Amino acid sequence: MVDLRSDTVTKPTPGMRKAMSEAEVGDDVFGEDPTVNALEDKVSAMFGFQAGLFVPSGTMGNQLGLNVLTEAGDEVLIDETGHIFNYESAAAAHLSSVQLHPLRGEGGKLSVVILQNMVRGGHDWEPNTKVVALENSTNKGGGCCYRRKELEAIRSYADNHQLFIHLDGARIWNAMTATDISPGFFGLIADTMSVCFSKGLGAPAGSMILSSRDRIRKARRRRKMWGGGMRQVGVLAAAADYAVDKHLSLLKEDHRRARELARTIDSCDGLSIDPGGVETNILIFDVREGTAKAATQKLQEKEVYLSPFGPGKLRATFHFQVTDEDLKKVKEAVQICFG
Ligand SMILES: *Cc1c(COP(=O)(O)O)cnc(C)c1O
């Protein structure tokens, strides 16, 4: 079976398990886990932030980011395909008492043109527009990445309107790989940024929220309040550290395989895709007839697993445990089912 449902389905490699078993650990709620502390220092320095906080999931990272940037009654501008808007159980309303304002961007990306006139007037009866939430690379937006100039323009718009920027960088690793933007640049753009080690990098769990020292101190209290304080969690931080060191350089191969599959999909009469829009490891494409669910079932009979992703849409996601041989099987299955 070839599993392209998500880049979260990877399993820890023998090397990663070895690193985990050898990790020095301590009680991280006391701040005494050396492996966690080293990872927080390494990743925050890498992305140009003062501090980082290891958290159980990307969702917690995003919610902590919004929480430390906002007060009750604030509003967050976000693309309508955003993970925070679609896949976080309305947590921003529940945990931070803020409103999400979804906007229609392109490929999941916002721009200065789209943000224009979206900052409210500051009357007592209006939500207080406080944050622009970006996602890079996009998930439901189809794996698209921001270019350097686009981010600089949004940063200067945010500065002119006293807005903060939260960057959902669950797949920032893929975005860096696809655009050749160095990681330190993102620290200049975002006030808070979340990154995931458990997507294409292949760690079993773990994410990080990055920001200033003061905000991370606040996030640390919140993490404990929300039940995310973990003890000898250096075993997971060791997996994350291993993933950054050993797996980051493999992402470009995932992107190549995704582009290759996009060409096959483009050649099938029963499917439609914009192959030029495939920038990273994610492909979202349409089935011309029948439901997405029926299409996934058809592929499952050929041992290929994809995710239904909205009406008539399928998502295929590459990760480093999908080989070229697997890709060949997927292409054959797609041609047999939809050619
Ligand atoms: C996966 C993902 C997250 C975090 O998901 P968790 O399952 O909570 O780790 C956040 N943002 C994006 C864009 C994602 O794809």
# chains A, B, ... in the order shown; residues from 1 in each chain; ligands from 1
call {"tool": "residues_near_ligand", "arguments": {"ligand": "ligand 1", "cutoff": "7 Å", "atoms": "only C-alpha atoms and all ligand atoms", "output": "PDB file with C-alpha atoms, in the first residue's frame"}}
result
ATOM      1  CA  SER A  57       0.948  19.834  18.433  1.00  0.00           C
ATOM      2  CA  GLY A  58       0.816  22.441  15.712  1.00  0.00           C
ATOM      3  CA  THR A  59      -2.663  23.362  16.863  1.00  0.00           C
ATOM      4  CA  MET A  60      -1.348  24.245  20.312  1.00  0.00           C
ATOM      5  CA  ASN A  62      -0.988  28.264  16.617  1.00  0.00           C
ATOM      6  CA  GLY A  82      -6.452  28.472   6.784  1.00  0.00           C
ATOM      7  CA  HIS A  83      -5.784  25.574   9.151  1.00  0.00           C
ATOM      8  CA  ILE A  84      -6.622  27.816  12.113  1.00  0.00           C
ATOM      9  CA  GLU A 135       0.179  29.926   6.478  1.00  0.00           C
ATOM     10  CA  THR A 138      -0.462  26.332   2.620  1.00  0.00           C
ATOM     11  CA  ASN A 139      -2.321  23.109   3.272  1.00  0.00           C
ATOM     12  CA  ASP A 168       1.544  29.036  10.735  1.00  0.00           C
ATOM     13  CA  GLY A 169       4.746  27.371   9.608  1.00  0.00           C
ATOM     14  CA  ALA A 170       3.667  23.761  10.065  1.00  0.00           C
ATOM     15  CA  ARG A 171       5.388  23.218   6.687  1.00  0.00           C
ATOM     16  CA  CYS A 196       5.841  21.274  13.126  1.00  0.00           C
ATOM     17  CA  SER A 198       5.665  15.821  12.788  1.00  0.00           C
ATOM     18  CA  LYS A 199       4.770  16.625   9.180  1.00  0.00           C
ATOM     19  CA  SER A 207       5.815  21.417  17.329  1.00  0.00           C
TER      20      SER A 207
END
call {"tool": "residues_around", "arguments": {"residues": "range 111-128 of chain A", "least_positions_apart": "4", "cutoff": "9 Å", "atoms": "only C-alpha atoms", "output": "list in words"}}
result
Gly73, Asp74, Glu75, Val76, Leu77, Val98, Gln99, Leu103, Arg104, Gly105, Glu106, Val132, Glu150, Leu151, Ala153, Ile154, Tyr157, His161 and Leu163 of chain A
call {"tool": "write_last_selection", "arguments": {"atoms": "N, CA and C atoms", "output": "PDB file, in the first residue's frame"}}
result
ATOM      1  N   GLY A  73     -12.091  39.906  22.280  1.00  0.00           N
ATOM      2  CA  GLY A  73     -12.743  40.922  21.450  1.00  0.00           C
ATOM      3  C   GLY A  73     -11.914  41.335  20.241  1.00  0.00           C
ATOM      4  N   ASP A  74     -10.715  40.794  20.100  1.00  0.00           N
ATOM      5  CA  ASP A  74      -9.889  41.097  18.927  1.00  0.00           C
ATOM      6  C   ASP A  74     -10.312  40.247  17.727  1.00  0.00           C
ATOM      7  N   GLU A  75      -9.804  40.648  16.595  1.00  0.00           N
ATOM      8  CA  GLU A  75     -10.111  39.949  15.345  1.00  0.00           C
ATOM      9  C   GLU A  75      -8.821  39.564  14.628  1.00  0.00           C
ATOM     10  N   VAL A  76      -8.850  38.382  14.022  1.00  0.00           N
ATOM     11  CA  VAL A  76      -7.700  37.843  13.295  1.00  0.00           C
ATOM     12  C   VAL A  76      -8.085  37.688  11.828  1.00  0.00           C
ATOM     13  N   LEU A  77      -7.346  38.317  10.934  1.00  0.00           N
ATOM     14  CA  LEU A  77      -7.586  38.172   9.494  1.00  0.00           C
ATOM     15  C   LEU A  77      -6.843  36.938   9.003  1.00  0.00           C
ATOM     16  N   VAL A  98     -11.361  35.375  20.577  1.00  0.00           N
ATOM     17  CA  VAL A  98     -11.172  36.239  19.412  1.00  0.00           C
ATOM     18  C   VAL A  98     -11.986  35.709  18.232  1.00  0.00           C
ATOM     19  N   GLN A  99     -12.229  36.616  17.297  1.00  0.00           N
ATOM     20  CA  GLN A  99     -13.000  36.278  16.099  1.00  0.00           C
ATOM     21  C   GLN A  99     -12.050  36.124  14.917  1.00  0.00           C
ATOM     22  N   LEU A 103     -10.839  35.573   4.734  1.00  0.00           N
ATOM     23  CA  LEU A 103     -10.775  36.345   3.491  1.00  0.00           C
ATOM     24  C   LEU A 103     -10.455  35.390   2.341  1.00  0.00           C
ATOM     25  N   ARG A 104     -10.882  35.760   1.134  1.00  0.00           N
ATOM     26  CA  ARG A 104     -10.616  34.891  -0.014  1.00  0.00           C
ATOM     27  C   ARG A 104      -9.300  35.275  -0.680  1.00  0.00           C
ATOM     28  N   GLY A 105      -8.268  34.497  -0.393  1.00  0.00           N
ATOM     29  CA  GLY A 105      -6.965  34.744  -1.011  1.00  0.00           C
ATOM     30  C   GLY A 105      -6.769  33.843  -2.207  1.00  0.00           C
ATOM     31  N   GLU A 106      -5.507  33.639  -2.584  1.00  0.00           N
ATOM     32  CA  GLU A 106      -5.210  32.768  -3.722  1.00  0.00           C
ATOM     33  C   GLU A 106      -4.230  31.687  -3.299  1.00  0.00           C
ATOM     34  N   VAL A 132      -2.782  39.431  11.582  1.00  0.00           N
ATOM     35  CA  VAL A 132      -2.891  38.762  10.279  1.00  0.00           C
ATOM     36  C   VAL A 132      -2.279  37.371  10.464  1.00  0.00           C
ATOM     37  N   GLU A 150       6.355  39.157  -1.245  1.00  0.00           N
ATOM     38  CA  GLU A 150       4.969  39.130  -0.764  1.00  0.00           C
ATOM     39  C   GLU A 150       4.936  39.272   0.753  1.00  0.00           C
ATOM     40  N   LEU A 151       5.845  38.577   1.420  1.00  0.00           N
ATOM     41  CA  LEU A 151       5.889  38.644   2.889  1.00  0.00           C
ATOM     42  C   LEU A 151       6.336  40.023   3.354  1.00  0.00           C
ATOM     43  N   ALA A 153       5.861  42.805   1.844  1.00  0.00           N
ATOM     44  CA  ALA A 153       4.752  43.747   1.621  1.00  0.00           C
ATOM     45  C   ALA A 153       3.696  43.606   2.726  1.00  0.00           C
ATOM     46  N   ILE A 154       3.393  42.372   3.111  1.00  0.00           N
ATOM     47  CA  ILE A 154       2.396  42.165   4.172  1.00  0.00           C
ATOM     48  C   ILE A 154       2.935  42.689   5.503  1.00  0.00           C
ATOM     49  N   TYR A 157       2.523  46.397   5.495  1.00  0.00           N
ATOM     50  CA  TYR A 157       1.098  46.704   5.700  1.00  0.00           C
ATOM     51  C   TYR A 157       0.738  46.549   7.181  1.00  0.00           C
ATOM     52  N   HIS A 161      -0.511  49.470   9.995  1.00  0.00           N
ATOM     53  CA  HIS A 161      -1.852  49.376  10.616  1.00  0.00           C
ATOM     54  C   HIS A 161      -1.799  48.808  12.032  1.00  0.00           C
ATOM     55  N   LEU A 163      -0.724  46.021  13.215  1.00  0.00           N
ATOM     56  CA  LEU A 163      -1.176  44.627  13.295  1.00  0.00           C
ATOM     57  C   LEU A 163       0.023  43.724  13.589  1.00  0.00           C
TER      58      LEU A 163
END
call {"tool": "closest_residue", "arguments": {"among": "A:Phe285, A:Tyr242, A:Phe309, A:Phe320", "to": "Arg257 in chain A", "atoms": "only C-alpha atoms"}}
result
A:Phe320
call {"tool": "atom_distance", "arguments": {"atom1": "CA of Gly234 in chain A", "atom2": "CA of Val36 in chain A"}}
result
5.2 Å
call {"tool": "select_by_dssp", "arguments": {"residues": "range 154-298 of chain A", "states": "strand (DSSP E)", "output": "ChimeraX atom specification"}}
result
/A:164-169,192-196,207-211,271-272,282-287
call {"tool": "residues_around", "arguments": {"residues": "Arg221 in chain A", "least_positions_apart": "3", "cutoff": "12 Å", "atoms": "only C-alpha atoms", "output": "PyMOL selection string"}}
result
chain A and resi 29-30+53+64+67-68+214-218+224-229
call {"tool": "atom_distance", "arguments": {"atom1": "CA of His101 in chain A", "atom2": "CA of Thr317 in chain A"}}
result
27.7 Å
call {"tool": "atom_distance", "arguments": {"atom1": "CA of Val25 in chain A", "atom2": "CA of Val235 in chain A"}}
result
7.1 Å
call {"tool": "residues_around", "arguments": {"residues": "range 3-20 of chain A", "least_positions_apart": "6", "cutoff": "7 Å", "atoms": "only C-alpha atoms", "output": "PyMOL selection string"}}
result
chain A and resi 198-200+202-204+235-236+238-239+242+304-307+316-319+321
call {"tool": "residues_around", "arguments": {"residues": "His255 in chain A", "least_positions_apart": "3", "cutoff": "7 Å", "atoms": "only C-alpha atoms", "output": "JSON, numbers by chain"}}
result
{"A": [251, 252, 258, 259, 279, 280, 281]}
call {"tool": "write_last_selection", "arguments": {"atoms": "N, CA, C and O atoms", "output": "PDB file, in the first residue's frame"}}
result
ATOM      1  N   LEU A 251      13.298  16.919   1.612  1.00  0.00           N
ATOM      2  CA  LEU A 251      12.005  17.457   1.184  1.00  0.00           C
ATOM      3  C   LEU A 251      11.979  17.774  -0.304  1.00  0.00           C
ATOM      4  O   LEU A 251      10.941  17.652  -0.959  1.00  0.00           O
ATOM      5  N   LYS A 252      13.131  18.174  -0.852  1.00  0.00           N
ATOM      6  CA  LYS A 252      13.138  18.529  -2.278  1.00  0.00           C
ATOM      7  C   LYS A 252      12.764  17.334  -3.157  1.00  0.00           C
ATOM      8  O   LYS A 252      12.184  17.503  -4.225  1.00  0.00           O
ATOM      9  N   ALA A 258       5.989  15.054  -6.253  1.00  0.00           N
ATOM     10  CA  ALA A 258       4.663  15.680  -6.352  1.00  0.00           C
ATOM     11  C   ALA A 258       4.465  16.274  -7.755  1.00  0.00           C
ATOM     12  O   ALA A 258       3.406  16.112  -8.366  1.00  0.00           O
ATOM     13  N   ARG A 259       5.501  16.935  -8.261  1.00  0.00           N
ATOM     14  CA  ARG A 259       5.396  17.524  -9.609  1.00  0.00           C
ATOM     15  C   ARG A 259       5.219  16.436 -10.661  1.00  0.00           C
ATOM     16  O   ARG A 259       4.454  16.586 -11.621  1.00  0.00           O
ATOM     17  N   GLU A 279       3.784  23.418  -5.919  1.00  0.00           N
ATOM     18  CA  GLU A 279       5.069  24.018  -5.524  1.00  0.00           C
ATOM     19  C   GLU A 279       5.814  23.188  -4.493  1.00  0.00           C
ATOM     20  O   GLU A 279       7.030  23.328  -4.343  1.00  0.00           O
ATOM     21  N   THR A 280       5.086  22.375  -3.725  1.00  0.00           N
ATOM     22  CA  THR A 280       5.752  21.631  -2.649  1.00  0.00           C
ATOM     23  C   THR A 280       5.332  20.160  -2.670  1.00  0.00           C
ATOM     24  O   THR A 280       5.330  19.540  -3.724  1.00  0.00           O
ATOM     25  N   ASN A 281       4.988  19.608  -1.524  1.00  0.00           N
ATOM     26  CA  ASN A 281       4.693  18.169  -1.426  1.00  0.00           C
ATOM     27  C   ASN A 281       3.205  17.848  -1.483  1.00  0.00           C
ATOM     28  O   ASN A 281       2.832  16.697  -1.323  1.00  0.00           O
TER      29      ASN A 281
END
call {"tool": "residues_around", "arguments": {"residues": "Arg148 in chain A", "least_positions_apart": "6", "cutoff": "9 Å", "atoms": "only C-alpha atoms", "output": "short mmCIF file (atom, residue, chain, number, x, y, z; two decimals) with C-alpha atoms, in the first residue's frame"}}
result
data_model
loop_
_atom_site.label_atom_id
_atom_site.label_comp_id
_atom_site.auth_asym_id
_atom_site.auth_seq_id
_atom_site.Cartn_x
_atom_site.Cartn_y
_atom_site.Cartn_z
CA THR A 179 11.72 29.14 -2.40
CA ILE A 181 14.36 31.74 1.53
CA PHE A 185 14.06 35.82 7.22
#
call {"tool": "select_by_dssp", "arguments": {"residues": "range 56-244 of chain A", "states": "alpha helix (DSSP H)", "output": "PyMOL selection string"}}
result
chain A and resi 58-69+83-86+91-96+112-115+148-160+172-179+185-189+213-225+234-244
call {"tool": "residues_around", "arguments": {"residues": "range 260-267 of chain A", "least_positions_apart": "2", "cutoff": "9 Å", "atoms": "only C-alpha atoms", "output": "PyMOL selection string"}}
result
chain A and resi 255-258+269-276+278+283+285+327-328+330-331+334-335+338-339
call {"tool": "closest_residue", "arguments": {"among": "A:Asp254, A:Ser137, A:Leu167, A:Asp41", "to": "Asp326 in chain A", "atoms": "only C-alpha atoms"}}
result
A:Asp254
